[in-house]
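Undergrad: Here you go, protein32.pdb (PDB, C-alpha atoms):
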```pdb
ATOM      1  CA  MET A  12      14.376 -34.494  11.711  1.00  0.00           C
ATOM      2  CA  PRO A  13      11.624 -33.686   9.135  1.00  0.00           C
ATOM      3  CA  ARG A  14      11.328 -30.157   7.835  1.00  0.00           C
ATOM      4  CA  SER A  15       8.241 -28.109   8.639  1.00  0.00           C
ATOM      5  CA  PRO A  16       6.221 -27.121   5.552  1.00  0.00           C
ATOM      6  CA  ALA A  17       6.199 -23.539   6.884  1.00  0.00           C
ATOM      7  CA  SER A  18       9.991 -23.287   6.717  1.00  0.00           C
ATOM      8  CA  PRO A  19      11.298 -25.061   3.617  1.00  0.00           C
ATOM      9  CA  PHE A  20      14.990 -25.274   2.822  1.00  0.00           C
ATOM     10  CA  LEU A  21      15.627 -22.578   0.249  1.00  0.00           C
ATOM     11  CA  ARG A  22      18.421 -22.854  -2.279  1.00  0.00           C
ATOM     12  CA  ASP A  23      18.019 -19.403  -3.782  1.00  0.00           C
ATOM     13  CA  ALA A  24      15.829 -16.326  -4.096  1.00  0.00           C
ATOM     14  CA  GLN A  25      13.819 -17.792  -6.975  1.00  0.00           C
ATOM     15  CA  GLN A  26      12.799 -20.782  -4.890  1.00  0.00           C
ATOM     16  CA  ALA A  27      11.859 -18.460  -2.007  1.00  0.00           C
ATOM     17  CA  LEU A  28       9.686 -16.446  -4.401  1.00  0.00           C
ATOM     18  CA  GLU A  29       7.969 -19.578  -5.715  1.00  0.00           C
ATOM     19  CA  HIS A  30       7.184 -20.745  -2.181  1.00  0.00           C
ATOM     20  CA  ALA A  31       6.036 -17.224  -1.242  1.00  0.00           C
ATOM     21  CA  GLN A  32       3.695 -17.086  -4.242  1.00  0.00           C
ATOM     22  CA  ARG A  33       2.114 -20.422  -3.290  1.00  0.00           C
ATOM     23  CA  ALA A  34       1.749 -19.385   0.361  1.00  0.00           C
ATOM     24  CA  PHE A  35       0.221 -16.058  -0.700  1.00  0.00           C
ATOM     25  CA  GLU A  36      -2.265 -17.779  -3.018  1.00  0.00           C
ATOM     26  CA  ARG A  37      -3.274 -20.175  -0.228  1.00  0.00           C
ATOM     27  CA  GLY A  38      -3.864 -17.294   2.181  1.00  0.00           C
ATOM     28  CA  ARG A  39      -0.896 -18.132   4.388  1.00  0.00           C
ATOM     29  CA  LEU A  40       0.191 -14.518   4.523  1.00  0.00           C
ATOM     30  CA  LYS A  41       2.577 -14.668   7.491  1.00  0.00           C
ATOM     31  CA  GLU A  42       4.446 -17.476   5.783  1.00  0.00           C
ATOM     32  CA  ALA A  43       4.497 -15.493   2.530  1.00  0.00           C
ATOM     33  CA  ILE A  44       5.871 -12.449   4.354  1.00  0.00           C
ATOM     34  CA  GLY A  45       8.710 -14.489   5.846  1.00  0.00           C
ATOM     35  CA  LEU A  46       9.567 -16.028   2.479  1.00  0.00           C
ATOM     36  CA  LEU A  47       9.442 -12.687   0.673  1.00  0.00           C
ATOM     37  CA  GLU A  48      11.713 -11.125   3.281  1.00  0.00           C
ATOM     38  CA  GLN A  49      14.127 -14.052   2.803  1.00  0.00           C
ATOM     39  CA  ALA A  50      14.015 -13.572  -0.970  1.00  0.00           C
ATOM     40  CA  LEU A  51      14.893  -9.908  -0.522  1.00  0.00           C
ATOM     41  CA  LYS A  52      17.850 -10.845   1.695  1.00  0.00           C
ATOM     42  CA  MET A  53      18.965 -13.251  -1.062  1.00  0.00           C
ATOM     43  CA  GLY A  54      18.988 -10.432  -3.605  1.00  0.00           C
ATOM     44  CA  ALA A  55      15.542 -10.603  -5.215  1.00  0.00           C
ATOM     45  CA  GLU A  56      15.066  -6.830  -5.066  1.00  0.00           C
ATOM     46  CA  SER A  57      12.315  -5.779  -7.468  1.00  0.00           C
ATOM     47  CA  ALA A  58       9.141  -3.730  -7.592  1.00  0.00           C
ATOM     48  CA  ALA A  59       7.115  -6.939  -7.984  1.00  0.00           C
ATOM     49  CA  VAL A  60       8.550  -8.509  -4.819  1.00  0.00           C
ATOM     50  CA  ARG A  61       8.115  -5.294  -2.826  1.00  0.00           C
ATOM     51  CA  THR A  62       4.531  -4.995  -4.120  1.00  0.00           C
ATOM     52  CA  MET A  63       3.618  -8.535  -3.100  1.00  0.00           C
ATOM     53  CA  LEU A  64       5.212  -7.975   0.305  1.00  0.00           C
ATOM     54  CA  GLY A  65       3.339  -4.673   0.704  1.00  0.00           C
ATOM     55  CA  ILE A  66       0.023  -6.326  -0.140  1.00  0.00           C
ATOM     56  CA  ALA A  67       0.721  -9.186   2.289  1.00  0.00           C
ATOM     57  CA  TYR A  68       1.484  -6.660   5.023  1.00  0.00           C
ATOM     58  CA  ALA A  69      -1.692  -4.727   4.201  1.00  0.00           C
ATOM     59  CA  ARG A  70      -3.791  -7.883   4.357  1.00  0.00           C
ATOM     60  CA  THR A  71      -2.337  -8.658   7.804  1.00  0.00           C
ATOM     61  CA  TYR A  72      -3.102  -5.111   9.023  1.00  0.00           C
ATOM     62  CA  GLN A  73       0.542  -4.031   9.201  1.00  0.00           C
ATOM     63  CA  VAL A  74      -0.182  -0.686   7.580  1.00  0.00           C
ATOM     64  CA  ASP A  75       3.144   1.058   8.208  1.00  0.00           C
ATOM     65  CA  SER A  76       5.093  -1.846   6.748  1.00  0.00           C
ATOM     66  CA  ALA A  77       2.681  -2.050   3.803  1.00  0.00           C
ATOM     67  CA  LEU A  78       3.101   1.637   3.005  1.00  0.00           C
ATOM     68  CA  GLU A  79       6.882   1.359   3.304  1.00  0.00           C
ATOM     69  CA  GLN A  80       7.075  -1.617   0.912  1.00  0.00           C
ATOM     70  CA  LEU A  81       4.692  -0.107  -1.638  1.00  0.00           C
ATOM     71  CA  ASP A  82       6.550   3.225  -1.567  1.00  0.00           C
ATOM     72  CA  ARG A  83       9.798   1.334  -2.191  1.00  0.00           C
ATOM     73  CA  ALA A  84       8.173  -0.589  -5.046  1.00  0.00           C
ATOM     74  CA  VAL A  85       7.039   2.659  -6.679  1.00  0.00           C
ATOM     75  CA  ALA A  86      10.530   4.122  -6.229  1.00  0.00           C
ATOM     76  CA  LEU A  87      12.086   1.038  -7.866  1.00  0.00           C
ATOM     77  CA  ASP A  88       9.770   1.219 -10.888  1.00  0.00           C
ATOM     78  CA  PRO A  89       7.803   4.483 -11.121  1.00  0.00           C
ATOM     79  CA  GLN A  90       6.196   3.483 -14.436  1.00  0.00           C
ATOM     80  CA  SER A  91       4.888   0.135 -13.187  1.00  0.00           C
ATOM     81  CA  PHE A  92       1.137  -0.311 -12.847  1.00  0.00           C
ATOM     82  CA  GLU A  93       1.005  -2.812  -9.972  1.00  0.00           C
ATOM     83  CA  PRO A  94       2.780  -0.891  -7.171  1.00  0.00           C
ATOM     84  CA  ARG A  95       0.938   2.349  -7.969  1.00  0.00           C
ATOM     85  CA  CYS A  96      -2.414   0.593  -8.099  1.00  0.00           C
ATOM     86  CA  ALA A  97      -1.758  -1.255  -4.825  1.00  0.00           C
ATOM     87  CA  LEU A  98      -0.567   1.929  -3.113  1.00  0.00           C
ATOM     88  CA  GLY A  99      -3.588   3.859  -4.376  1.00  0.00           C
ATOM     89  CA  GLU A 100      -5.954   1.146  -3.226  1.00  0.00           C
ATOM     90  CA  LEU A 101      -4.327   1.040   0.212  1.00  0.00           C
ATOM     91  CA  TYR A 102      -4.673   4.812   0.574  1.00  0.00           C
ATOM     92  CA  MET A 103      -8.287   4.465  -0.513  1.00  0.00           C
ATOM     93  CA  ARG A 104      -8.979   1.794   2.110  1.00  0.00           C
ATOM     94  CA  LEU A 105      -7.292   3.992   4.730  1.00  0.00           C
ATOM     95  CA  CYS A 106      -9.601   6.889   3.750  1.00  0.00           C
ATOM     96  CA  ILE A 107      -6.766   9.123   2.556  1.00  0.00           C
ATOM     97  CA  PRO A 108      -8.522  10.280  -0.622  1.00  0.00           C
ATOM     98  CA  ASP A 109      -5.994  12.798  -1.975  1.00  0.00           C
ATOM     99  CA  GLN A 110      -3.119  10.312  -2.057  1.00  0.00           C
ATOM    100  CA  ALA A 111      -5.452   7.552  -3.250  1.00  0.00           C
ATOM    101  CA  ARG A 112      -6.615   9.582  -6.239  1.00  0.00           C
ATOM    102  CA  GLU A 113      -3.077  10.677  -7.072  1.00  0.00           C
ATOM    103  CA  GLN A 114      -1.716   7.117  -7.100  1.00  0.00           C
ATOM    104  CA  LEU A 115      -4.738   5.657  -8.886  1.00  0.00           C
ATOM    105  CA  GLU A 116      -4.622   8.320 -11.607  1.00  0.00           C
ATOM    106  CA  ARG A 117      -0.920   7.607 -12.119  1.00  0.00           C
ATOM    107  CA  ALA A 118      -1.676   3.866 -12.174  1.00  0.00           C
ATOM    108  CA  LEU A 119      -4.265   4.558 -14.865  1.00  0.00           C
ATOM    109  CA  GLU A 120      -1.553   6.269 -16.928  1.00  0.00           C
ATOM    110  CA  CYS A 121       0.688   3.209 -16.466  1.00  0.00           C
ATOM    111  CA  ALA A 122      -2.028   0.659 -17.281  1.00  0.00           C
ATOM    112  CA  ALA A 123      -0.976  -1.549 -20.171  1.00  0.00           C
ATOM    113  CA  ASN A 124      -4.310  -3.136 -21.045  1.00  0.00           C
ATOM    114  CA  ALA A 125      -8.084  -2.812 -20.780  1.00  0.00           C
ATOM    115  CA  PRO A 126      -8.538  -4.966 -17.640  1.00  0.00           C
ATOM    116  CA  GLU A 127      -5.984  -2.862 -15.721  1.00  0.00           C
ATOM    117  CA  ARG A 128      -7.677   0.358 -16.850  1.00  0.00           C
ATOM    118  CA  ALA A 129     -11.120  -1.016 -15.952  1.00  0.00           C
ATOM    119  CA  TYR A 130      -9.927  -2.060 -12.485  1.00  0.00           C
ATOM    120  CA  VAL A 131      -8.514   1.388 -11.691  1.00  0.00           C
ATOM    121  CA  GLN A 132     -11.528   3.161 -13.193  1.00  0.00           C
ATOM    122  CA  GLY A 133     -13.739   1.056 -10.901  1.00  0.00           C
ATOM    123  CA  LEU A 134     -11.671   2.075  -7.874  1.00  0.00           C
ATOM    124  CA  LEU A 135     -11.806   5.749  -8.866  1.00  0.00           C
ATOM    125  CA  LYS A 136     -15.562   5.511  -9.339  1.00  0.00           C
ATOM    126  CA  GLU A 137     -15.914   3.889  -5.911  1.00  0.00           C
ATOM    127  CA  GLU A 138     -13.811   6.689  -4.412  1.00  0.00           C
ATOM    128  CA  ARG A 139     -15.987   9.375  -6.050  1.00  0.00           C
ATOM    129  CA  LEU A 140     -19.116   7.726  -4.625  1.00  0.00           C
ATOM    130  CA  ARG A 141     -17.503   7.601  -1.186  1.00  0.00           C
ATOM    131  CA  GLU A 142     -16.587  11.272  -1.445  1.00  0.00           C
ATOM    132  CA  HIS A 143     -20.254  12.243  -1.652  1.00  0.00           C
ATOM    133  CA  ARG A 144     -21.045  10.308   1.531  1.00  0.00           C
ATOM    134  CA  ARG A 145     -17.824  11.109   3.383  1.00  0.00           C
ATOM    135  CA  ILE A 146     -17.931  13.108   6.552  1.00  0.00           C
ATOM    136  CA  HIS A 147     -15.042  15.485   6.185  1.00  0.00           C
ATOM    137  CA  ARG A 148     -12.583  15.103   8.977  1.00  0.00           C
ATOM    138  CA  PRO A 149      -9.808  17.416  10.061  1.00  0.00           C
ATOM    139  CA  ASN A 150      -6.688  17.201   7.954  1.00  0.00           C
ATOM    140  CA  PHE A 151      -4.357  18.673  10.577  1.00  0.00           C
ATOM    141  CA  ARG A 152      -2.871  21.142   8.114  1.00  0.00           C
ATOM    142  CA  ARG A 153      -3.300  23.786  10.776  1.00  0.00           C
ATOM    143  CA  PRO A 154      -2.535  22.373  14.230  1.00  0.00           C
ATOM    144  CA  PHE A 155      -4.895  23.407  17.001  1.00  0.00           C
ATOM    145  CA  TRP A 156      -2.117  24.777  19.200  1.00  0.00           C
ATOM    146  CA  LEU A 157      -1.467  27.510  16.654  1.00  0.00           C
ATOM    147  CA  LEU A 158      -4.996  28.794  17.267  1.00  0.00           C
ATOM    148  CA  HIS A 159      -4.067  29.623  20.879  1.00  0.00           C
ATOM    149  CA  ARG A 160      -1.049  31.637  19.733  1.00  0.00           C
ATOM    150  CA  ARG A 161      -3.191  33.587  17.302  1.00  0.00           C
ATOM    151  CA  GLU A 162      -5.750  34.347  20.043  1.00  0.00           C
ATOM    152  CA  GLU A 163      -2.959  35.486  22.378  1.00  0.00           C
ATOM    153  CA  GLY A 164      -1.635  37.795  19.666  1.00  0.00           C
ATOM    154  CA  ASN A 165      -5.084  39.313  19.103  1.00  0.00           C
ATOM    155  CA  GLN A 166      -5.543  40.038  22.825  1.00  0.00           C
ATOM    156  CA  GLU A 167      -2.462  42.276  22.980  1.00  0.00           C
TER     157      GLU A 167
END
```
Represent the supplied structure as structure tokens.
TA:
Amino acid sequence: MPRSPASPFLRDAQQALEHAQRAFERGRLKEAIGLLEQALKMGAESAAVRTMLGIAYARTYQVDSALEQLDRAVALDPQSFEPRCALGELYMRLCIPDQAREQLERALECAANAPERAYVQGLLKEERLREHRRIHRPNFRRPFWLLHRREEGNQE
């Protein structure tokens, strides 16, 4: 029976990563996710693999999984540019500006060359421009139900 191109026979983690990279580059993100998850099961644990998986999840609108993978990538290599930049950009796209700025500023510190610095500086500039136009929304630091307790205390 012929093999499906979506599920190649994989000898090892390196081969899974190569197939995942090609699938990712061709826009076959679900296939890339499956291959990256297989590579992780085969022992290819690294910040780079977790970053690629996080980006693939983000591009398929699986935000929780994307955040989880990018957080793990940052934990694996806190001084690496790519996971911090990807995490910052995801926070930016999710309109979570405080975390976006924090991660992007740390990515800027980790940048190893001019193109990386320019990319992050462009994202930070875009975020500053958004900030001027942003309608400030509640941040839920003070839950609404606590207001009722305060009012009850003032009535006594």
Undergrad: Could you list, as number ranges by chain, every residue within 10 Å of Met63 of chain A, counting all atoms listed in the file and ignoring same-chain residues fewer than 3 positions away?
TA: A: 31-32, 35, 43-44, 47, 58-60, 66-69, 77, 80-81, 84, 93-94, 97
Undergrad: So what do you get for atom CA of Arg95 of chain A versus atom CA of Pro108 of chain A, distance-wise?
TA: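 Separating atom CA of Arg95 of chain A from atom CA of Pro108 of chain A is a distance of 14.4 Å.
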Undergrad: To verify the selection step, state as an MDAnalysis selection string which residues the PyMOL selection byres ((chain A and resi 135) around 10) yields on this input.
TA: chainID A and resid 99:100 103 108 111:112 115:116 119 129:134 136:141
Undergrad: Mind pulling up the distance from atom CA of Thr62 of chain A to atom CA of Leu78 of chain A?
TA: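 About the pair atom CA of Leu78 of chain A and atom CA of Thr62 of chain A: they are 9.8 Å apart.
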Undergrad: Could you jot down the atom CA of Leu98 of chain A to atom CA of Asp23 of chain A separation for me, Å, one decimal place?
TA: 28.3 Å
